[in-house]
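Participant: Here it is, the structure in full.
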Amino acid sequence: MRQAHLVGLDTDGASHLADIAARLGLIVDAQDPRRQVVACAGAPICAAAEIPSRALAPSLASNAMLGAAGAPIVHVSGCAKGCACPRAVPLTVVGIEGRCGVVVNGSARDRPLVTLAREALPSGLARLVDAARELRAPDESVAHVLSRLDRAQIARLLL
């Protein structure tokens, strides 16, 4: 994640600059749900990508599943290389032959639990995270709940 730190601005100047940045689509609020999503360049920018990662990421971030405390980090990878985030994260979406493979607590290199059409992805992930929120203990993260669920439960929720 790239950040800009500016010095020498008064309060009005900083507010004006933040307004401009927000209108340009930049993240200006630490609570912005887009901070929960890591995406590679995806198709058509990357020749290896099977899905438009950058185009999918905002729809996942704008979904309520990412807006609340305890929400998981989501990695959207155009292909199995996982360039933007090579480590395991709670939810990984990986492009496979134009569809979206969903990996829970793994990386883009891992075998997906299910493969969904791009249009079905936001609602499938929302169902999964909503169910995990209902099952979690007060101090438990959604990511931890996902690690407790078995593969069949997760697949049913996604489909």
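Labels for the structure tokens follow display order: chains A, B, ..., residues from 1 in each chain, ligands from 1.
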Distance table requested - segment 83-107 of chain A against segment 125-132 of chain A, cut-off 10 Å, only C-alpha atoms: one row per qualifying residue with the closest atom pair and its distance in Å to one decimal, ordered by chain and rising residue number, as CSV.
Facilitator:
```
residue,atom,partner,partner_atom,distance
A:Leu91,CA,A:Leu125,CA,8.8
A:Val93,CA,A:Leu125,CA,9.8
A:Val102,CA,A:Leu125,CA,8.7
```
Participant: For Ala57 of chain A, find every residue with an atom within 9 Å (counting only C-alpha atoms), except residues of its own chain fewer than 4 positions away, and show them as a CSV table (one decimal) with all heavy atoms, in the first residue's frame.
Facilitator:
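Generated file (selection_8.csv):
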```csv
chain,number,residue,atom,x,y,z
A,34,ARG,N,-11.8,-0.5,1.6
A,34,ARG,CA,-10.9,-0.9,0.5
A,34,ARG,C,-9.5,-1.2,1.1
A,34,ARG,O,-8.7,-1.9,0.4
A,34,ARG,CB,-10.7,0.2,-0.5
A,34,ARG,CG,-12.0,0.5,-1.3
A,34,ARG,CD,-11.9,1.6,-2.2
A,34,ARG,NE,-11.7,2.9,-1.5
A,34,ARG,CZ,-11.4,4.0,-2.0
A,34,ARG,NH1,-11.2,4.1,-3.3
A,34,ARG,NH2,-11.3,5.1,-1.3
A,37,VAL,N,-8.7,-5.0,1.2
A,37,VAL,CA,-8.5,-5.8,-0.1
A,37,VAL,C,-7.2,-5.5,-0.7
A,37,VAL,O,-6.8,-4.4,-0.8
A,37,VAL,CB,-9.6,-5.4,-1.1
A,37,VAL,CG1,-9.5,-6.2,-2.4
A,37,VAL,CG2,-11.0,-5.7,-0.5
A,38,VAL,N,-6.5,-6.6,-1.1
A,38,VAL,CA,-5.2,-6.5,-1.9
A,38,VAL,C,-5.5,-7.1,-3.2
A,38,VAL,O,-6.0,-8.2,-3.3
A,38,VAL,CB,-4.1,-7.3,-1.2
A,38,VAL,CG1,-2.8,-7.2,-2.0
A,38,VAL,CG2,-3.9,-6.7,0.2
A,39,ALA,N,-5.2,-6.4,-4.3
A,39,ALA,CA,-5.5,-6.9,-5.6
A,39,ALA,C,-4.3,-6.6,-6.5
A,39,ALA,O,-3.6,-5.6,-6.5
A,39,ALA,CB,-6.7,-6.2,-6.2
A,52,PRO,N,-10.3,-9.8,-14.0
A,52,PRO,CA,-10.0,-8.4,-13.8
A,52,PRO,C,-9.9,-8.1,-12.4
A,52,PRO,O,-10.9,-7.5,-11.8
A,52,PRO,CB,-11.1,-7.6,-14.6
A,52,PRO,CG,-12.3,-8.5,-14.5
A,52,PRO,CD,-11.7,-9.9,-14.5
A,53,SER,N,-8.9,-8.4,-11.7
A,53,SER,CA,-8.7,-8.2,-10.2
A,53,SER,C,-9.1,-6.8,-9.8
A,53,SER,O,-9.8,-6.7,-8.8
A,53,SER,CB,-7.3,-8.6,-9.8
A,53,SER,OG,-7.0,-9.9,-10.3
A,61,ALA,N,-15.0,-4.7,-1.7
A,61,ALA,CA,-14.7,-3.8,-0.6
A,61,ALA,C,-16.0,-3.0,-0.2
A,61,ALA,O,-16.2,-2.7,1.0
A,61,ALA,CB,-13.6,-2.8,-0.9
A,62,SER,N,-16.8,-2.7,-1.2
A,62,SER,CA,-18.0,-1.9,-0.9
A,62,SER,C,-19.1,-2.8,-0.3
A,62,SER,O,-20.0,-2.3,0.3
A,62,SER,CB,-18.6,-1.3,-2.2
A,62,SER,OG,-19.0,-2.3,-3.1
A,74,VAL,N,-8.9,-9.7,2.1
A,74,VAL,CA,-9.2,-10.5,0.9
A,74,VAL,C,-8.1,-10.1,-0.1
A,74,VAL,O,-7.8,-9.0,-0.3
A,74,VAL,CB,-10.6,-10.0,0.3
A,74,VAL,CG1,-10.8,-10.7,-1.0
A,74,VAL,CG2,-11.7,-10.4,1.3
A,75,HIS,N,-7.5,-11.2,-0.7
A,75,HIS,CA,-6.6,-11.0,-1.8
A,75,HIS,C,-7.3,-11.4,-3.1
A,75,HIS,O,-7.8,-12.5,-3.2
A,75,HIS,CB,-5.3,-11.9,-1.5
A,75,HIS,CG,-4.4,-12.0,-2.6
A,75,HIS,ND1,-3.6,-13.1,-2.9
A,75,HIS,CD2,-4.1,-11.1,-3.6
A,75,HIS,CE1,-2.8,-12.8,-3.9
A,75,HIS,NE2,-3.1,-11.6,-4.4
A,76,VAL,N,-7.3,-10.5,-4.0
A,76,VAL,CA,-7.9,-10.8,-5.4
A,76,VAL,C,-6.7,-11.0,-6.3
A,76,VAL,O,-6.0,-10.0,-6.6
A,76,VAL,CB,-8.8,-9.7,-5.8
A,76,VAL,CG1,-9.5,-10.2,-7.1
A,76,VAL,CG2,-9.9,-9.5,-4.8
```
Participant: Excluding Arg111 of chain A and residues on its chain fewer than 6 positions from it, collect all residues at most 10 Å away from it, counting only C-alpha atoms, and give them as a PyMOL selection string.
Facilitator: chain A and resi 80+94+101-104
Participant: Could you dump the residues just selected with N, CA and C atoms as an mmCIF file, in the first residue's frame?
Facilitator:
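Ended up saving to selection36.cif:
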```cif
data_model
loop_
_atom_site.group_PDB
_atom_site.id
_atom_site.type_symbol
_atom_site.label_atom_id
_atom_site.label_comp_id
_atom_site.auth_asym_id
_atom_site.auth_seq_id
_atom_site.Cartn_x
_atom_site.Cartn_y
_atom_site.Cartn_z
ATOM 1 N N ALA A 80 -2.775 -17.824 -10.449
ATOM 2 C CA ALA A 80 -2.243 -18.581 -9.312
ATOM 3 C C ALA A 80 -0.864 -18.118 -8.851
ATOM 4 N N VAL A 94 -8.930 -16.227 -6.703
ATOM 5 C CA VAL A 94 -7.910 -16.427 -7.741
ATOM 6 C C VAL A 94 -8.585 -16.735 -9.075
ATOM 7 N N GLY A 101 -11.842 -18.664 -8.301
ATOM 8 C CA GLY A 101 -11.650 -19.707 -7.299
ATOM 9 C C GLY A 101 -11.556 -19.047 -5.939
ATOM 10 N N VAL A 102 -12.173 -19.640 -4.922
ATOM 11 C CA VAL A 102 -12.142 -19.078 -3.573
ATOM 12 C C VAL A 102 -11.339 -20.003 -2.671
ATOM 13 N N VAL A 103 -10.290 -19.441 -2.074
ATOM 14 C CA VAL A 103 -9.411 -20.155 -1.152
ATOM 15 C C VAL A 103 -9.606 -19.536 0.220
ATOM 16 N N VAL A 104 -9.833 -20.358 1.226
ATOM 17 C CA VAL A 104 -9.981 -19.873 2.597
ATOM 18 C C VAL A 104 -8.719 -20.233 3.373
#
```
Participant: Taking the DSSP assignment computed from this structure's backbone, write out as a list in words all residues of chain A that belong to strand (DSSP E).
Facilitator: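 Residues of chain A classed as strand (DSSP E): Val37, Val38, Ala39, Val74, His75, Val76, Ser77, Val89, Pro90, Leu91, Thr92, Val93, Val94, Gly95, Ile96, Arg99, Cys100, Gly101, Val102, Val103, Val104, Asn105, Gly106, Val114, Thr115 and Leu116 of chain A.
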Participant: Which residues in segment 5-142 of chain A does DSSP call alpha helix (DSSP H)? List them as number ranges by chain.
Facilitator: A: 11-23, 53-62, 121-135, 142
Participant: I'd like the contact shell of Arg156 of chain A - 10 Å cut-off, only C-alpha atoms, skipping same-chain residues fewer than 4 positions apart - returned as a JSON list (two decimals) with N, CA, C and O atoms, in the first residue's frame.
Facilitator:
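What landed in part27.json:
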```
[["chain", "number", "residue", "atom", "x", "y", "z"],
["A", 113, "LEU", "N", -11.65, -23.97, -2.81],
["A", 113, "LEU", "CA", -12.77, -24.78, -2.33],
["A", 113, "LEU", "C", -13.85, -24.87, -3.38],
["A", 113, "LEU", "O", -14.45, -25.92, -3.59],
["A", 114, "VAL", "N", -14.16, -23.73, -4.00],
["A", 114, "VAL", "CA", -15.16, -23.66, -5.05],
["A", 114, "VAL", "C", -14.68, -22.68, -6.11],
["A", 114, "VAL", "O", -13.81, -21.86, -5.87],
["A", 124, "GLY", "N", -21.64, -14.61, -2.84],
["A", 124, "GLY", "CA", -21.12, -15.82, -2.21],
["A", 124, "GLY", "C", -20.22, -15.50, -1.03],
["A", 124, "GLY", "O", -20.36, -16.08, 0.05],
["A", 127, "ARG", "N", -22.30, -14.14, 1.93],
["A", 127, "ARG", "CA", -22.96, -15.21, 2.69],
["A", 127, "ARG", "C", -21.97, -15.88, 3.64],
["A", 127, "ARG", "O", -22.27, -16.15, 4.79],
["A", 128, "LEU", "N", -20.78, -16.13, 3.15],
["A", 128, "LEU", "CA", -19.75, -16.79, 3.96],
["A", 128, "LEU", "C", -19.37, -15.94, 5.16],
["A", 128, "LEU", "O", -19.34, -16.42, 6.30],
["A", 151, "ARG", "N", -14.37, -27.65, 5.22],
["A", 151, "ARG", "CA", -14.44, -27.30, 3.80],
["A", 151, "ARG", "C", -15.84, -27.43, 3.22],
["A", 151, "ARG", "O", -16.27, -26.60, 2.42],
["A", 152, "ALA", "N", -16.58, -28.44, 3.63],
["A", 152, "ALA", "CA", -17.93, -28.64, 3.11],
["A", 152, "ALA", "C", -18.87, -27.51, 3.55],
["A", 152, "ALA", "O", -19.69, -27.03, 2.76]]
```
Participant: So that I can see what lies close to Glu119 of chain A, please list as a PyMOL selection string the residues with an atom at most 10 Å from it, counting only C-alpha atoms and leaving out residues fewer than 5 positions away in the same chain.
Facilitator: chain A and resi 56+99-100+124
Participant: Those same residues - C-alpha atoms - I'd like them written as a short mmCIF file (atom, residue, chain, number, x, y, z; two decimals), in the first residue's frame.
Facilitator:
```cif
data_model
loop_
_atom_site.label_atom_id
_atom_site.label_comp_id
_atom_site.auth_asym_id
_atom_site.auth_seq_id
_atom_site.Cartn_x
_atom_site.Cartn_y
_atom_site.Cartn_z
CA LEU A 56 -13.51 -6.88 -8.83
CA ARG A 99 -13.83 -17.78 -13.16
CA CYS A 100 -13.11 -17.00 -9.51
CA GLY A 124 -21.12 -15.82 -2.21
#
```
